[in-house]
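For reference, start24.cif (mmCIF, C-alpha atoms and all ligand atoms):
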data_final
#
loop_
_atom_site.group_PDB
_atom_site.id
_atom_site.type_symbol
_atom_site.label_atom_id
_atom_site.label_comp_id
_atom_site.auth_asym_id
_atom_site.auth_seq_id
_atom_site.Cartn_x
_atom_site.Cartn_y
_atom_site.Cartn_z
ATOM 1 C CA MET A 1 16.426 -22.217 0.799
ATOM 2 C CA PRO A 2 15.600 -18.578 1.610
ATOM 3 C CA VAL A 3 12.412 -17.670 3.436
ATOM 4 C CA VAL A 4 9.896 -16.308 0.926
ATOM 5 C CA LEU A 5 6.990 -15.699 3.286
ATOM 6 C CA GLN A 6 7.261 -14.842 6.941
ATOM 7 C CA ALA A 7 4.663 -14.256 9.628
ATOM 8 C CA HIS A 8 5.954 -12.489 12.693
ATOM 9 C CA ASN A 9 3.795 -12.432 15.833
ATOM 10 C CA LEU A 10 0.512 -12.161 13.930
ATOM 11 C CA SER A 11 -2.551 -11.507 16.064
ATOM 12 C CA LYS A 12 -6.099 -11.000 14.846
ATOM 13 C CA THR A 13 -9.231 -10.440 16.907
ATOM 14 C CA PHE A 14 -12.777 -10.300 15.579
ATOM 15 C CA VAL A 15 -15.626 -8.715 17.474
ATOM 16 C CA LEU A 16 -18.866 -10.681 17.338
ATOM 17 C CA GLY A 17 -21.550 -8.700 19.155
ATOM 18 C CA THR A 18 -20.168 -8.301 22.667
ATOM 19 C CA GLU A 19 -17.741 -11.179 22.277
ATOM 20 C CA LYS A 20 -14.109 -10.928 21.204
ATOM 21 C CA VAL A 21 -12.802 -13.856 19.173
ATOM 22 C CA HIS A 22 -9.030 -14.249 19.240
ATOM 23 C CA ALA A 23 -8.697 -15.862 15.833
ATOM 24 C CA LEU A 24 -4.881 -15.703 15.871
ATOM 25 C CA ARG A 25 -2.532 -15.134 18.780
ATOM 26 C CA GLN A 26 1.092 -14.249 18.115
ATOM 27 C CA VAL A 27 1.587 -16.637 15.236
ATOM 28 C CA SER A 28 5.072 -16.729 13.755
ATOM 29 C CA LEU A 29 6.216 -18.944 10.927
ATOM 30 C CA ASP A 30 8.693 -19.065 8.078
ATOM 31 C CA ILE A 31 7.839 -20.524 4.687
ATOM 32 C CA GLN A 32 10.894 -21.476 2.685
ATOM 33 C CA GLN A 33 11.060 -20.984 -1.031
ATOM 34 C CA GLY A 34 10.344 -24.214 -2.877
ATOM 35 C CA SER A 35 8.564 -25.894 0.037
ATOM 36 C CA PHE A 36 5.128 -27.498 0.349
ATOM 37 C CA VAL A 37 3.561 -26.809 3.741
ATOM 38 C CA ALA A 38 0.153 -27.887 5.037
ATOM 39 C CA VAL A 39 -1.727 -26.119 7.815
ATOM 40 C CA MET A 40 -4.092 -28.238 9.892
ATOM 41 C CA GLY A 41 -6.230 -27.602 12.945
ATOM 42 C CA PRO A 42 -9.747 -28.095 14.273
ATOM 43 C CA SER A 43 -12.592 -25.994 12.911
ATOM 44 C CA GLY A 44 -12.272 -22.428 14.176
ATOM 45 C CA SER A 45 -8.557 -22.764 14.969
ATOM 46 C CA GLY A 46 -7.658 -19.844 12.697
ATOM 47 C CA LYS A 47 -6.459 -21.550 9.519
ATOM 48 C CA SER A 48 -8.373 -19.388 7.036
ATOM 49 C CA THR A 49 -7.613 -16.256 9.030
ATOM 50 C CA LEU A 50 -3.917 -17.102 8.820
ATOM 51 C CA LEU A 51 -4.092 -17.728 5.076
ATOM 52 C CA ASN A 52 -5.941 -14.433 4.557
ATOM 53 C CA LEU A 53 -3.256 -12.548 6.469
ATOM 54 C CA LEU A 54 -0.411 -14.344 4.689
ATOM 55 C CA GLY A 55 -2.097 -13.504 1.382
ATOM 56 C CA LEU A 56 -2.525 -9.831 2.289
ATOM 57 C CA LEU A 57 -6.295 -10.144 1.935
ATOM 58 C CA ASP A 58 -6.720 -8.940 5.513
ATOM 59 C CA LEU A 59 -4.531 -7.022 7.954
ATOM 60 C CA PRO A 60 -3.354 -8.238 11.358
ATOM 61 C CA ASP A 61 -4.071 -6.246 14.519
ATOM 62 C CA GLN A 62 -0.480 -6.859 15.504
ATOM 63 C CA GLY A 63 2.549 -8.404 13.875
ATOM 64 C CA GLU A 64 3.733 -8.365 10.323
ATOM 65 C CA VAL A 65 3.869 -10.384 7.124
ATOM 66 C CA THR A 66 7.018 -10.183 5.017
ATOM 67 C CA LEU A 67 6.531 -11.398 1.462
ATOM 68 C CA ALA A 68 9.358 -11.850 -1.040
ATOM 69 C CA ALA A 69 11.646 -9.701 1.118
ATOM 70 C CA THR A 70 9.069 -6.903 1.337
ATOM 71 C CA PRO A 71 7.882 -5.977 4.840
ATOM 72 C CA THR A 72 4.191 -5.148 4.485
ATOM 73 C CA ARG A 73 3.386 -3.252 7.676
ATOM 74 C CA GLY A 74 2.148 0.221 6.886
ATOM 75 C CA LEU A 75 1.786 -0.365 3.131
ATOM 76 C CA LYS A 76 -1.179 1.423 1.566
ATOM 77 C CA ASP A 77 -4.002 -0.549 -0.068
ATOM 78 C CA ASP A 78 -2.677 0.041 -3.587
ATOM 79 C CA ALA A 79 0.767 -1.247 -2.719
ATOM 80 C CA LEU A 80 -0.717 -4.284 -0.981
ATOM 81 C CA THR A 81 -2.899 -5.047 -3.982
ATOM 82 C CA LEU A 82 0.070 -4.821 -6.325
ATOM 83 C CA LEU A 83 2.212 -7.044 -4.148
ATOM 84 C CA ARG A 84 -0.612 -9.565 -3.778
ATOM 85 C CA ARG A 85 -1.261 -9.618 -7.515
ATOM 86 C CA GLU A 86 2.393 -10.094 -8.417
ATOM 87 C CA LYS A 87 3.526 -12.464 -5.718
ATOM 88 C CA ILE A 88 0.576 -14.603 -4.634
ATOM 89 C CA GLY A 89 -1.602 -17.143 -6.362
ATOM 90 C CA PHE A 90 -4.795 -18.089 -4.511
ATOM 91 C CA ILE A 91 -6.694 -21.353 -4.843
ATOM 92 C CA PHE A 92 -9.995 -21.807 -3.016
ATOM 93 C CA GLN A 93 -12.177 -24.766 -2.105
ATOM 94 C CA THR A 94 -15.058 -23.413 -4.180
ATOM 95 C CA PHE A 95 -12.832 -22.546 -7.182
ATOM 96 C CA GLU A 96 -14.175 -18.953 -7.357
ATOM 97 C CA LEU A 97 -14.270 -18.843 -11.143
ATOM 98 C CA ILE A 98 -16.361 -16.224 -12.928
ATOM 99 C CA PRO A 99 -19.271 -18.157 -14.477
ATOM 100 C CA THR A 100 -19.747 -15.902 -17.499
ATOM 101 C CA LEU A 101 -16.113 -16.128 -18.595
ATOM 102 C CA SER A 102 -14.445 -19.009 -20.419
ATOM 103 C CA ALA A 103 -11.680 -21.016 -18.755
ATOM 104 C CA GLU A 104 -9.105 -19.043 -20.725
ATOM 105 C CA GLU A 105 -10.646 -15.696 -19.777
ATOM 106 C CA ASN A 106 -10.723 -16.731 -16.121
ATOM 107 C CA ILE A 107 -7.070 -17.735 -16.239
ATOM 108 C CA LEU A 108 -5.984 -14.502 -17.936
ATOM 109 C CA LEU A 109 -8.148 -12.039 -16.029
ATOM 110 C CA THR A 110 -5.643 -11.004 -13.352
ATOM 111 C CA SER A 111 -2.857 -10.714 -15.917
ATOM 112 C CA GLU A 112 -5.086 -8.431 -17.936
ATOM 113 C CA LEU A 113 -5.759 -6.293 -14.848
ATOM 114 C CA ALA A 114 -2.019 -6.173 -14.181
ATOM 115 C CA GLY A 115 -1.254 -5.142 -17.786
ATOM 116 C CA GLN A 116 0.570 -8.419 -18.450
ATOM 117 C CA LEU A 117 -1.823 -10.033 -20.858
ATOM 118 C CA LYS A 118 0.717 -10.578 -23.637
ATOM 119 C CA GLN A 119 3.207 -12.423 -21.434
ATOM 120 C CA ALA A 120 0.427 -14.465 -19.827
ATOM 121 C CA LYS A 121 -1.021 -15.457 -23.210
ATOM 122 C CA SER A 122 2.363 -16.715 -24.327
ATOM 123 C CA ARG A 123 2.622 -18.900 -21.219
ATOM 124 C CA LEU A 124 -0.908 -20.241 -21.442
ATOM 125 C CA PRO A 125 -0.510 -23.121 -23.944
ATOM 126 C CA ALA A 126 2.260 -24.847 -21.967
ATOM 127 C CA LEU A 127 0.429 -24.366 -18.673
ATOM 128 C CA ALA A 128 -2.876 -25.613 -20.116
ATOM 129 C CA ASP A 129 -1.090 -28.626 -21.555
ATOM 130 C CA ARG A 130 0.543 -29.384 -18.233
ATOM 131 C CA LEU A 131 -2.796 -29.176 -16.410
ATOM 132 C CA GLY A 132 -4.700 -31.192 -19.004
ATOM 133 C CA LEU A 133 -6.839 -28.229 -20.021
ATOM 134 C CA THR A 134 -5.967 -27.966 -23.697
ATOM 135 C CA GLY A 135 -9.231 -28.306 -25.573
ATOM 136 C CA ARG A 136 -11.205 -26.979 -22.607
ATOM 137 C CA LEU A 137 -10.063 -23.378 -22.661
ATOM 138 C CA LYS A 138 -13.107 -22.053 -24.514
ATOM 139 C CA ASN A 139 -15.544 -23.718 -22.117
ATOM 140 C CA ARG A 140 -17.275 -21.909 -19.292
ATOM 141 C CA PRO A 141 -16.975 -23.261 -15.744
ATOM 142 C CA SER A 142 -20.480 -24.781 -15.899
ATOM 143 C CA GLU A 143 -19.290 -26.936 -18.800
ATOM 144 C CA LEU A 144 -16.349 -28.329 -16.834
ATOM 145 C CA SER A 145 -16.076 -31.036 -14.181
ATOM 146 C CA GLY A 146 -15.082 -30.143 -10.622
ATOM 147 C CA GLY A 147 -11.554 -31.385 -11.218
ATOM 148 C CA GLN A 148 -11.252 -29.354 -14.424
ATOM 149 C CA ARG A 149 -12.582 -26.256 -12.653
ATOM 150 C CA GLN A 150 -9.987 -26.588 -9.930
ATOM 151 C CA ARG A 151 -7.280 -27.046 -12.564
ATOM 152 C CA VAL A 152 -8.472 -23.821 -14.215
ATOM 153 C CA ALA A 153 -8.170 -22.153 -10.800
ATOM 154 C CA ILE A 154 -4.654 -23.570 -10.458
ATOM 155 C CA ALA A 155 -3.734 -22.225 -13.898
ATOM 156 C CA ARG A 156 -5.135 -18.822 -12.896
ATOM 157 C CA ALA A 157 -3.039 -18.889 -9.713
ATOM 158 C CA LEU A 158 0.120 -19.837 -11.608
ATOM 159 C CA ILE A 159 -0.014 -17.852 -14.807
ATOM 160 C CA ASN A 160 1.972 -14.942 -13.373
ATOM 161 C CA HIS A 161 4.638 -17.099 -11.724
ATOM 162 C CA PRO A 162 3.749 -16.141 -8.153
ATOM 163 C CA SER A 163 6.292 -16.438 -5.341
ATOM 164 C CA VAL A 164 3.773 -18.336 -3.212
ATOM 165 C CA ILE A 165 0.617 -20.343 -3.854
ATOM 166 C CA LEU A 166 -1.920 -20.191 -1.025
ATOM 167 C CA ALA A 167 -4.557 -22.897 -1.217
ATOM 168 C CA ASP A 168 -7.525 -23.029 1.168
ATOM 169 C CA GLU A 169 -8.979 -26.569 1.203
ATOM 170 C CA PRO A 170 -8.194 -27.009 -2.514
ATOM 171 C CA THR A 171 -9.407 -30.608 -2.522
ATOM 172 C CA GLY A 172 -12.419 -30.021 -0.269
ATOM 173 C CA ASN A 173 -14.954 -30.055 -3.104
ATOM 174 C CA LEU A 174 -13.350 -32.784 -5.172
ATOM 175 C CA ASP A 175 -13.765 -36.540 -5.231
ATOM 176 C CA SER A 176 -10.729 -38.516 -4.142
ATOM 177 C CA LYS A 177 -9.378 -39.079 -7.661
ATOM 178 C CA ASN A 178 -9.532 -35.403 -8.619
ATOM 179 C CA GLY A 179 -8.275 -34.398 -5.187
ATOM 180 C CA ARG A 180 -5.271 -36.662 -5.617
ATOM 181 C CA GLU A 181 -4.595 -35.150 -9.029
ATOM 182 C CA VAL A 182 -4.525 -31.651 -7.584
ATOM 183 C CA LEU A 183 -2.120 -32.764 -4.863
ATOM 184 C CA GLU A 184 0.102 -34.436 -7.458
ATOM 185 C CA ILE A 185 0.119 -31.212 -9.473
ATOM 186 C CA PHE A 186 1.339 -29.358 -6.369
ATOM 187 C CA GLN A 187 3.960 -31.984 -5.580
ATOM 188 C CA GLN A 188 5.264 -32.021 -9.131
ATOM 189 C CA GLY A 189 5.328 -28.215 -9.328
ATOM 190 C CA VAL A 190 7.269 -27.994 -6.064
ATOM 191 C CA ARG A 191 9.680 -30.728 -7.094
ATOM 192 C CA GLU A 192 10.289 -29.751 -10.698
ATOM 193 C CA GLU A 193 9.582 -26.048 -10.878
ATOM 194 C CA GLY A 194 10.309 -24.766 -7.413
ATOM 195 C CA TRP A 195 6.764 -23.659 -6.544
ATOM 196 C CA THR A 196 6.087 -22.727 -2.940
ATOM 197 C CA VAL A 197 2.723 -23.998 -1.700
ATOM 198 C CA VAL A 198 0.927 -23.325 1.587
ATOM 199 C CA MET A 199 -2.231 -25.426 1.843
ATOM 200 C CA VAL A 200 -4.934 -25.422 4.501
ATOM 201 C CA THR A 201 -6.629 -28.789 4.762
ATOM 202 C CA HIS A 202 -8.793 -30.924 7.034
ATOM 203 C CA ASP A 203 -7.758 -34.067 5.219
ATOM 204 C CA PRO A 204 -4.856 -36.027 6.743
ATOM 205 C CA ALA A 205 -4.120 -37.748 3.410
ATOM 206 C CA ALA A 206 -3.838 -34.357 1.700
ATOM 207 C CA ALA A 207 -1.668 -32.952 4.479
ATOM 208 C CA LEU A 208 0.665 -35.942 4.219
ATOM 209 C CA CYS A 209 1.330 -34.987 0.568
ATOM 210 C CA ALA A 210 3.069 -31.823 1.804
ATOM 211 C CA GLU A 211 6.592 -31.847 3.228
ATOM 212 C CA LYS A 212 5.687 -30.290 6.537
ATOM 213 C CA ILE A 213 2.490 -29.816 8.563
ATOM 214 C CA ILE A 214 1.943 -26.893 10.905
ATOM 215 C CA PHE A 215 -0.764 -27.388 13.541
ATOM 216 C CA LEU A 216 -3.003 -24.601 14.821
ATOM 217 C CA ARG A 217 -5.289 -24.713 17.811
ATOM 218 C CA ASP A 218 -7.231 -21.800 19.306
ATOM 219 C CA GLY A 219 -5.313 -19.387 17.099
ATOM 220 C CA GLU A 220 -1.867 -20.572 18.119
ATOM 221 C CA VAL A 221 0.771 -22.715 16.469
ATOM 222 C CA VAL A 222 0.853 -25.739 18.754
ATOM 223 C CA GLY A 223 3.144 -28.041 16.800
ATOM 224 C CA GLU A 224 4.609 -29.092 13.496
ATOM 225 C CA THR A 225 5.918 -32.234 11.865
ATOM 226 C CA GLU A 226 7.862 -33.262 8.804
ATOM 227 C CA THR A 227 5.577 -35.624 6.898
ATOM 228 C CA HIS A 228 8.337 -38.155 6.278
ATOM 229 C CA SER A 229 8.821 -38.567 10.018
ATOM 230 C CA LEU A 230 7.467 -41.806 11.435
ATOM 231 C CA ASP A 231 5.180 -40.101 13.923
ATOM 232 C CA ALA A 232 3.513 -37.716 11.414
ATOM 233 C CA ARG A 233 0.207 -39.615 11.593
ATOM 234 C CA SER A 234 0.174 -39.728 15.367
ATOM 235 C CA LYS A 235 0.948 -35.986 15.459
ATOM 236 C CA ILE A 236 -2.107 -35.396 13.228
ATOM 237 C CA GLU A 237 -4.205 -37.455 15.647
ATOM 238 C CA GLU A 238 -2.746 -35.633 18.621
ATOM 239 C CA PHE A 239 -3.224 -32.111 17.303
ATOM 240 C CA VAL A 240 -6.291 -32.393 15.094
ATOM 241 C CA GLY A 241 -8.037 -35.456 16.452
ATOM 242 C CA VAL A 242 -8.523 -37.171 13.067
HETATM 243 N N1 LIG A 301 -15.028 -12.066 9.713
HETATM 244 C C1 LIG A 301 -15.142 -12.633 10.933
HETATM 245 N N2 LIG A 301 -15.919 -12.072 11.888
HETATM 246 C C2 LIG A 301 -16.016 -12.621 13.106
HETATM 247 N N3 LIG A 301 -15.387 -13.749 13.481
HETATM 248 C C3 LIG A 301 -14.620 -14.358 12.576
HETATM 249 C C4 LIG A 301 -14.447 -13.844 11.251
HETATM 250 N N4 LIG A 301 -13.617 -14.671 10.578
HETATM 251 C C5 LIG A 301 -13.282 -15.655 11.431
HETATM 252 N N5 LIG A 301 -13.868 -15.472 12.629
HETATM 253 C C6 LIG A 301 -13.727 -16.322 13.822
HETATM 254 O O1 LIG A 301 -12.347 -16.528 14.036
HETATM 255 C C7 LIG A 301 -12.091 -17.888 14.419
HETATM 256 C C8 LIG A 301 -11.133 -18.525 13.416
HETATM 257 O O2 LIG A 301 -11.820 -18.643 12.167
HETATM 258 P P1 LIG A 301 -11.162 -19.317 10.878
HETATM 259 O O3 LIG A 301 -12.174 -19.236 9.782
HETATM 260 O O4 LIG A 301 -9.830 -18.719 10.651
HETATM 261 O O5 LIG A 301 -10.978 -20.819 11.368
HETATM 262 P P2 LIG A 301 -10.665 -22.117 10.500
HETATM 263 O O6 LIG A 301 -9.636 -22.886 11.276
HETATM 264 O O7 LIG A 301 -10.322 -21.746 9.110
HETATM 265 O O8 LIG A 301 -12.055 -22.859 10.587
HETATM 266 P P3 LIG A 301 -12.755 -23.912 9.543
HETATM 267 O O9 LIG A 301 -11.849 -25.116 9.548
HETATM 268 O O10 LIG A 301 -14.073 -24.196 10.181
HETATM 269 O O11 LIG A 301 -12.845 -23.239 8.219
HETATM 270 C C9 LIG A 301 -13.447 -18.564 14.499
HETATM 271 O O12 LIG A 301 -13.887 -18.556 15.839
HETATM 272 C C10 LIG A 301 -14.335 -17.710 13.626
HETATM 273 O O13 LIG A 301 -15.668 -17.754 14.064
#
Using structure tokens, write down the structure that the file contains.
Ligand SMILES: Nc1ncnc2c1ncn2[C@@H]1O[C@H](COP(=O)(O)OP(=O)(O)OP(=O)(O)O)[C@@H](O)[C@H]1O
Amino acid sequence: MPVVLQAHNLSKTFVLGTEKVHALRQVSLDIQQGSFVAVMGPSGSGKSTLLNLLGLLDLPDQGEVTLAATPTRGLKDDALTLLRREKIGFIFQTFELIPTLSAEENILLTSELAGQLKQAKSRLPALADRLGLTGRLKNRPSELSGGQRQRVAIARALINHPSVILADEPTGNLDSKNGREVLEIFQQGVREEGWTVVMVTHDPAAALCAEKIIFLRDGEVVGETETHSLDARSKIEEFVGV
């Protein structure tokens, strides 16, 4: 499968008072189209920073992200925003839904901003059905369970057929049943519809639902494992200590 998202030598430093924090140091990785990849690492190892750079939400100090064959170094803010909107679907631990909008309005908001409301509306019924949200679309987030809210966020991420889904601890605020459901949605989407998912997680069980795990420590990629390999669990223990 072709590489849909590439990080090449990404470095990012934050300045905290007089201290410099090297959040990422020369991180390179290739994400293949149609793959499900988890990113694990201890707290502070740079996972969210990496996801933010891969998702063009922040810029590296050095290195480059190439997304859907588009090198992004030097692109202006407008071009980055457009690329992000068209090619990336974000899913966050805290759902990040707008409380005053209905589920349907939340799902369609980015499409509306991108001038693609008509196409998105035509895709909505099938997507809502698939995610078990039919009948809930008129409800506001406060009227939905945590699992339903995250499924609304998944629908929002998917409505424009992004090239890559970036999920930051998507099961972190869910009970185990709802968390499992979200992971099954990812697995099924990857298997049956060719989604590409990159998921940051602390949870070994969640990471083992992906096909591959990349380990970060102190801002560096220190290892990786295929989850079907017999030593995947011991690699998680070795690199993350859980
Ligand atoms: N905006 C920022 N300003 C200053 N330092 C930051 C900023 N964002 C991240 N950092 C620092 O960069 C390092 C990596 O942070 P990051 O949030 O990427 O780690 P993480 O692996 O996602 O951690 P966690 O698992 O706790 O969410 C940390 O030391 C953090 O304090």
### Task
Quick one: pull the distance between CA of Thr72 in chain A and CA of Leu59 in chain A, Å, one decimal.
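One can read the CA of Thr72 in chain A to CA of Leu59 in chain A distance as 9.6 Å.
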### Message
How would you report the residues lying within 6 Å of ligand LIG 301 (chain A), as a ChimeraX atom specification, if you count only C-alpha atoms and all ligand atoms?
### Response
/A:14-16,21,23,42-49
### Task
Might you pull out every residue within 12 Å of Glu220 in chain A, with all atoms listed in the file counted and same-chain residues fewer than 5 positions away left off, and present them as a list in words?
Asn9, Leu10, Ser11, Lys12, His22, Ala23, Leu24, Arg25, Gln26, Val27, Ser28, Leu29, Val39, Met40, Gly41, Pro42, Gly44, Ser45, Gly46, Lys47, Thr49, Leu50, Ile214, Phe215 and Phe239 of chain A
### Task
Check what the PyMOL selection byres (((chain A and resi 114) around 12) and not hetatm) selects in the file above and give those residues as a VMD selection string.
chain A and resid 81 to 87 108 to 113 115 to 120 159 to 160
Can you translate the PyMOL selection byres (((chain A and resi 161-174) around 8) and not hetatm) into the concrete residues it hits in this file, as a PDB file with C-alpha atoms, in the coordinates of the input?
ATOM      1  CA  VAL A   4       9.896 -16.308   0.926  1.00  0.00           C
ATOM      2  CA  LEU A   5       6.990 -15.699   3.286  1.00  0.00           C
ATOM      3  CA  GLN A  33      11.060 -20.984  -1.031  1.00  0.00           C
ATOM      4  CA  SER A  48      -8.373 -19.388   7.036  1.00  0.00           C
ATOM      5  CA  LEU A  51      -4.092 -17.728   5.076  1.00  0.00           C
ATOM      6  CA  GLY A  55      -2.097 -13.504   1.382  1.00  0.00           C
ATOM      7  CA  ALA A  68       9.358 -11.850  -1.040  1.00  0.00           C
ATOM      8  CA  GLU A  86       2.393 -10.094  -8.417  1.00  0.00           C
ATOM      9  CA  LYS A  87       3.526 -12.464  -5.718  1.00  0.00           C
ATOM     10  CA  ILE A  88       0.576 -14.603  -4.634  1.00  0.00           C
ATOM     11  CA  GLY A  89      -1.602 -17.143  -6.362  1.00  0.00           C
ATOM     12  CA  PHE A  90      -4.795 -18.089  -4.511  1.00  0.00           C
ATOM     13  CA  ILE A  91      -6.694 -21.353  -4.843  1.00  0.00           C
ATOM     14  CA  PHE A  92      -9.995 -21.807  -3.016  1.00  0.00           C
ATOM     15  CA  GLN A  93     -12.177 -24.766  -2.105  1.00  0.00           C
ATOM     16  CA  THR A  94     -15.058 -23.413  -4.180  1.00  0.00           C
ATOM     17  CA  PHE A  95     -12.832 -22.546  -7.182  1.00  0.00           C
ATOM     18  CA  GLY A 146     -15.082 -30.143 -10.622  1.00  0.00           C
ATOM     19  CA  GLY A 147     -11.554 -31.385 -11.218  1.00  0.00           C
ATOM     20  CA  GLN A 150      -9.987 -26.588  -9.930  1.00  0.00           C
ATOM     21  CA  ALA A 157      -3.039 -18.889  -9.713  1.00  0.00           C
ATOM     22  CA  LEU A 158       0.120 -19.837 -11.608  1.00  0.00           C
ATOM     23  CA  ILE A 159      -0.014 -17.852 -14.807  1.00  0.00           C
ATOM     24  CA  ASN A 160       1.972 -14.942 -13.373  1.00  0.00           C
ATOM     25  CA  ASP A 175     -13.765 -36.540  -5.231  1.00  0.00           C
ATOM     26  CA  SER A 176     -10.729 -38.516  -4.142  1.00  0.00           C
ATOM     27  CA  LYS A 177      -9.378 -39.079  -7.661  1.00  0.00           C
ATOM     28  CA  ASN A 178      -9.532 -35.403  -8.619  1.00  0.00           C
ATOM     29  CA  GLY A 179      -8.275 -34.398  -5.187  1.00  0.00           C
ATOM     30  CA  ARG A 180      -5.271 -36.662  -5.617  1.00  0.00           C
ATOM     31  CA  VAL A 182      -4.525 -31.651  -7.584  1.00  0.00           C
ATOM     32  CA  LEU A 183      -2.120 -32.764  -4.863  1.00  0.00           C
ATOM     33  CA  TRP A 195       6.764 -23.659  -6.544  1.00  0.00           C
ATOM     34  CA  THR A 196       6.087 -22.727  -2.940  1.00  0.00           C
ATOM     35  CA  VAL A 197       2.723 -23.998  -1.700  1.00  0.00           C
ATOM     36  CA  VAL A 198       0.927 -23.325   1.587  1.00  0.00           C
ATOM     37  CA  MET A 199      -2.231 -25.426   1.843  1.00  0.00           C
ATOM     38  CA  VAL A 200      -4.934 -25.422   4.501  1.00  0.00           C
ATOM     39  CA  THR A 201      -6.629 -28.789   4.762  1.00  0.00           C
ATOM     40  CA  HIS A 202      -8.793 -30.924   7.034  1.00  0.00           C
ATOM     41  CA  ALA A 206      -3.838 -34.357   1.700  1.00  0.00           C
TER      42      ALA A 206
END
Evaluate the PyMOL selection byres (((chain A and resi 187) around 10) and not hetatm) on the structure here and hand back the selected residues as a compact mmCIF listing (two decimals) with C-alpha atoms, keeping the file's coordinate frame.
# COMPACT_ATOMS: atom_id res chain seq x y z
CA SER A 35 8.56 -25.89 0.04
CA PHE A 36 5.13 -27.50 0.35
CA GLU A 181 -4.60 -35.15 -9.03
CA VAL A 182 -4.53 -31.65 -7.58
CA LEU A 183 -2.12 -32.76 -4.86
CA GLU A 184 0.10 -34.44 -7.46
CA ILE A 185 0.12 -31.21 -9.47
CA PHE A 186 1.34 -29.36 -6.37
CA GLN A 188 5.26 -32.02 -9.13
CA GLY A 189 5.33 -28.22 -9.33
CA VAL A 190 7.27 -27.99 -6.06
CA ARG A 191 9.68 -30.73 -7.09
CA GLU A 192 10.29 -29.75 -10.70
CA GLU A 193 9.58 -26.05 -10.88
CA GLY A 194 10.31 -24.77 -7.41
CA TRP A 195 6.76 -23.66 -6.54
CA THR A 196 6.09 -22.73 -2.94
CA VAL A 197 2.72 -24.00 -1.70
CA CYS A 209 1.33 -34.99 0.57
CA ALA A 210 3.07 -31.82 1.80
CA GLU A 211 6.59 -31.85 3.23
